[in-house]
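Since the structure comes first, as structure tokens, the remarks are kept for the end.
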Amino acid sequence: MDSNPALCKAIANLIQTSPQRRITFAEYMDMVLYHPEHGYYSSNAVKIGFEGGDFFTSVHLGNDFGELLAEQFLQMWEILGQPDTFSLVEMGAGQGLLASHILNYCQQNYPNFFAALEYIIVEKSPSLKQEQQQTLQDFSVQWCDLEEITPNSITGCFFSNELVDALPVHQFILEVGELREIYVTTRGEGDIDFSPLPTFSSAAANLSFPSSFVEISGEPSTPRLAEYFDLVGIEITQGAYTDGYRSEINLAALDWLSIVADRLQCGYVLTIDYGYPASRYYNPRRSQGTLQCYYQHRHHDNPYVNIGQQDITAHVDFTALERWGDRCGLEKVGFTQQGLFLMALGLGTRIAALSHQEQSISQLLRRRESLHELLNPLGLGGFGVLVQSKGFKDKAISQSLKGLTVPE
């Protein structure tokens with residue numbers, strides 16, 4: 001297994017200069033993915049797509065995903081009264097493919113809407129930003145940090161596709177009925193007990209720690225971890241959960257949503273990702289959490305190999321986004337599965353139209369397979385779609401989105 005030596009050294013230096021010579025798993029994950037020079041998303045290590053990639057998204061199955069999202073954005077613009085400027089803020093734009101599909105479709109089919117569009121991309125990765133700029137050079141697109149957007153300034157929609165799952169998560173473990181946090185440290189330094197925790201499932205039993213990093217448990221680094229379970233209504237220290245139960249808490253997602261809500265004046269927040277409501281996420285039988293690593297289209301659950309060369313993700317707790325959004329002034333408009341969302345926006349019509357298209361059998365079969373992949377409830381079709389709104393005086397209007405209707 002290959003790791004980036006410079007990144008490993010940077011993580012070890014951070015550990016050695018930190019109190020008690022340990023860092024939270026969230027700090028470790030943030031370094032691995034977003035270190036300015038050597039992180040997976042900051043360097044040229046990130047690879048997306050079918051050919052030589054570590055993972056693919058709905059965008060890589062063709063233009064349909066972006067074009068159907070464009071249909072929903074069009075309706076949002078209409079509900080808002082067709083303002084002269086409708087801001088689409090895409091957070092985490094990958095290679096820029098989704099933006100290109102949306103913008104091309106609107107330009108060709110809805111010129112008035114296209115004229116009103118202000119497309120903004122929030123992207124932390126320098127290498128992906130460069131790729132986006134190349135892909136979108138024919139369009140007027142702005143790039144900025146989320147914090148740079150003026151508070152209460154956006155009329156339109158903040159949206160993301162597979163962003164929240166890549167935000168750094170805290171990990172916890174239950175020990176003798178108490179909530180304990182999982183920290184990362186280096187082996188064999190000082191008086192700390194460096195006995196590694198029992199971490200990985202049988203899926204990664206053949207993977208071992210490199211000599212540099214091990215996990216230990218300790219008191220939670222912040223009271224927000226315990227408060228999180230009050231937020232989502234889970235009694236994590238009750239008898240249903242056995243010793244050794246471990247999972248994740250995504251405080252970064254709450255911080256991110258707070259900023260988004262603060263920047264939105266009137267419009268929507270659309271979040272598409274894989275995840276569960278809290279009751280499923282923290283099911284006592286899901287005793288090892290949801291953390292996954294992706295490397296060359298293979299996945300496992302050991303974040304201490306391929307350091308800086310693989311993606312690390314955790315499922316999204318949609319209950320947390322809903323309830324925290326409510327505290328931030330975001331009203332839940334609806335929650336559904338991606339397959340149902342896309343069907344309501346016209347994916348079924350596109351599938352039916354295949355039989356009337358003049359293409360080779362092989363082309364038709366490939367396209368049909370791609371469209372069905374977007375619907376697969378065990379795959380992309382099972383992703384969650386959460387829509388929240390802010391600034392609507394008429395509550396009924398804010399809940400009339402086409403994508404949230406029951407497809408006929």
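Here, A, B, ... name the chains of the structure tokens in the order displayed, residue numbers run from 1 inside each chain, and ligands are numbered from 1 in the same displayed order.
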Residues of segment 235-289 of chain A within 10 Å of segment 20-40 of chain A: nearest atom pair and distance (Å, one decimal) for each, counting only C-alpha atoms, sorted by chain and number, as CSV?
```
residue,atom,partner,partner_atom,distance
A:Glu248,CA,A:Ala26,CA,9.5
A:Ile249,CA,A:Ala26,CA,9.2
A:Asn250,CA,A:Ala26,CA,8.6
A:Leu251,CA,A:Ala26,CA,9.1
A:Ala252,CA,A:Ala26,CA,8.8
```
Residues just named, written with N, CA, C and O atoms as a short mmCIF file (atom, residue, chain, number, x, y, z; two decimals), in the first residue's frame:
```
data_model
loop_
_atom_site.label_atom_id
_atom_site.label_comp_id
_atom_site.auth_asym_id
_atom_site.auth_seq_id
_atom_site.Cartn_x
_atom_site.Cartn_y
_atom_site.Cartn_z
N GLU A 248 -19.46 7.52 13.72
CA GLU A 248 -18.93 8.84 13.40
C GLU A 248 -19.93 9.94 13.76
O GLU A 248 -21.13 9.70 13.83
N ILE A 249 -19.41 11.14 13.95
CA ILE A 249 -20.21 12.34 14.15
C ILE A 249 -19.64 13.42 13.24
O ILE A 249 -18.45 13.74 13.33
N ASN A 250 -20.49 14.00 12.41
CA ASN A 250 -20.02 14.98 11.44
C ASN A 250 -20.36 16.40 11.91
O ASN A 250 -21.36 16.98 11.49
N LEU A 251 -19.52 16.94 12.77
CA LEU A 251 -19.72 18.32 13.22
C LEU A 251 -19.42 19.31 12.11
O LEU A 251 -20.01 20.40 12.05
N ALA A 252 -18.52 18.95 11.19
CA ALA A 252 -18.18 19.84 10.08
C ALA A 252 -19.39 20.10 9.19
O ALA A 252 -19.54 21.19 8.63
#
```
**OP:** Might you pull out every residue within 10 Å of His372 of chain A, with only C-alpha atoms counted and same-chain residues fewer than 3 positions away left off, and present them as a VMD selection string?
**Re:** chain A and resid 61 339 347 to 348 351 366 to 369 375 to 377 380 to 381
Subject >> Spatial neighbours of Phe229 of chain A, 10 Å, only C-alpha atoms, chain gap at least 4 places, as number ranges by chain >> reply: A: 224-225, 233-237, 249, 278, 282, 320
**OP:** Show which residues sit within 7 Å of segment 124-130 of chain A, as a PyMOL selection string. Count only C-alpha atoms, and ignore same-chain residues fewer than 4 positions away.
**Re:** chain A and resi 41-44+94-95+134
Original post:
Quick one: of A:Leu340, A:Ala240, A:Leu74, A:Val387, who's nearest to Tyr110 of chain A, counting only C-alpha atoms?
Top reply: A:Leu74
Original post:
DSSP on the backbone: what in segment 250-352 of chain A comes out strand (DSSP E or B), as a PyMOL selection string?
Top reply: chain A and resi 264-273+275-276+292-295+298-300+311-313+316-317+331-337
**OP:** Excluding Phe335 of chain A and any residue of its chain fewer than 6 positions from it, enumerate the residues within 9 Å of it, using only C-alpha atoms, and give them as a list in words.
**Re:** Phe318, Gly384, Val385, Leu386, Val387, Gln388 and Leu404 of chain A
**OP:** Would you list, as number ranges by chain, the residues of segment 282-387 of chain A that end up in helix (DSSP H, G or I) under DSSP run on this structure's backbone?
**Re:** A: 318-327, 338-344, 347-356, 361-375, 380-382
Original post:
Leaving out Ser100 of chain A and any residue of its chain fewer than 5 positions from it, which residues lie within 10 Å of it when counting only C-alpha atoms, given as a PyMOL selection string?
Top reply: chain A and resi 63+66-67+95+105-106+132+135-139
**OP:** Kindly indicate which residue among A:Thr336, A:Thr290, A:Thr150, A:Thr319 lies nearest to Leu231 of chain A, using only C-alpha atoms for the distances.
**Re:**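 That would be A:Thr319, the residue with the smallest distance to Leu231 of chain A.
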Original post:
So which one's closest to Asn13 of chain A, A:Thr186, A:Arg298, A:Asp394, A:Arg263? Using only C-alpha atoms, please.
Top reply: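 Smallest separation from Asn13 of chain A among the options: A:Thr186.
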Original post:
Counting only C-alpha atoms, which of A:Asp165, A:Leu345, A:Ala352, A:Thr222 gets nearest to Ala70 of chain A?
Top reply: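 Closest candidate: A:Leu345.
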Subject >> 7 Å contact set for Gly267 of chain A, only C-alpha atoms, chain neighbours under 2 positions out, as a list in words >> reply: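 The neighbour list is Thr155, Gly156, Cys157, Leu264, Gln265, Ser389, Lys390 and Gly391 of chain A.
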Preceding selection exported with C-alpha atoms as a short mmCIF file (atom, residue, chain, number, x, y, z; two decimals), in the first residue's frame:
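Listed below is the output, part-v7.cif:
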```cif
data_model
loop_
_atom_site.label_atom_id
_atom_site.label_comp_id
_atom_site.auth_asym_id
_atom_site.auth_seq_id
_atom_site.Cartn_x
_atom_site.Cartn_y
_atom_site.Cartn_z
CA THR A 155 -31.20 34.53 -4.04
CA GLY A 156 -31.25 31.14 -5.69
CA CYS A 157 -29.96 27.72 -4.62
CA LEU A 264 -28.84 32.52 1.73
CA GLN A 265 -31.36 35.33 1.64
CA SER A 389 -35.63 26.68 2.03
CA LYS A 390 -35.32 30.14 3.53
CA GLY A 391 -37.02 33.47 3.05
#
```
Original post:
Which residue gives the smallest distance to Leu342 of chain A among A:Glu71, A:Asp273, A:Glu90, A:Glu219, with only C-alpha atoms counted?
Top reply: A:Glu71
Subject >> Using only C-alpha atoms: which of A:Glu123, A:Glu373, A:Glu175, A:Asp230 has the shortest distance to Ser160 of chain A >> reply: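 The shortest atom-to-atom distance to Ser160 of chain A comes from A:Glu123.
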Original post:
Which distance in Å separates atom CA of Tyr183 of chain A and atom CA of Glu215 of chain A, to one decimal?
Top reply: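 Separation of atom CA of Tyr183 of chain A and atom CA of Glu215 of chain A: 5.6 Å.
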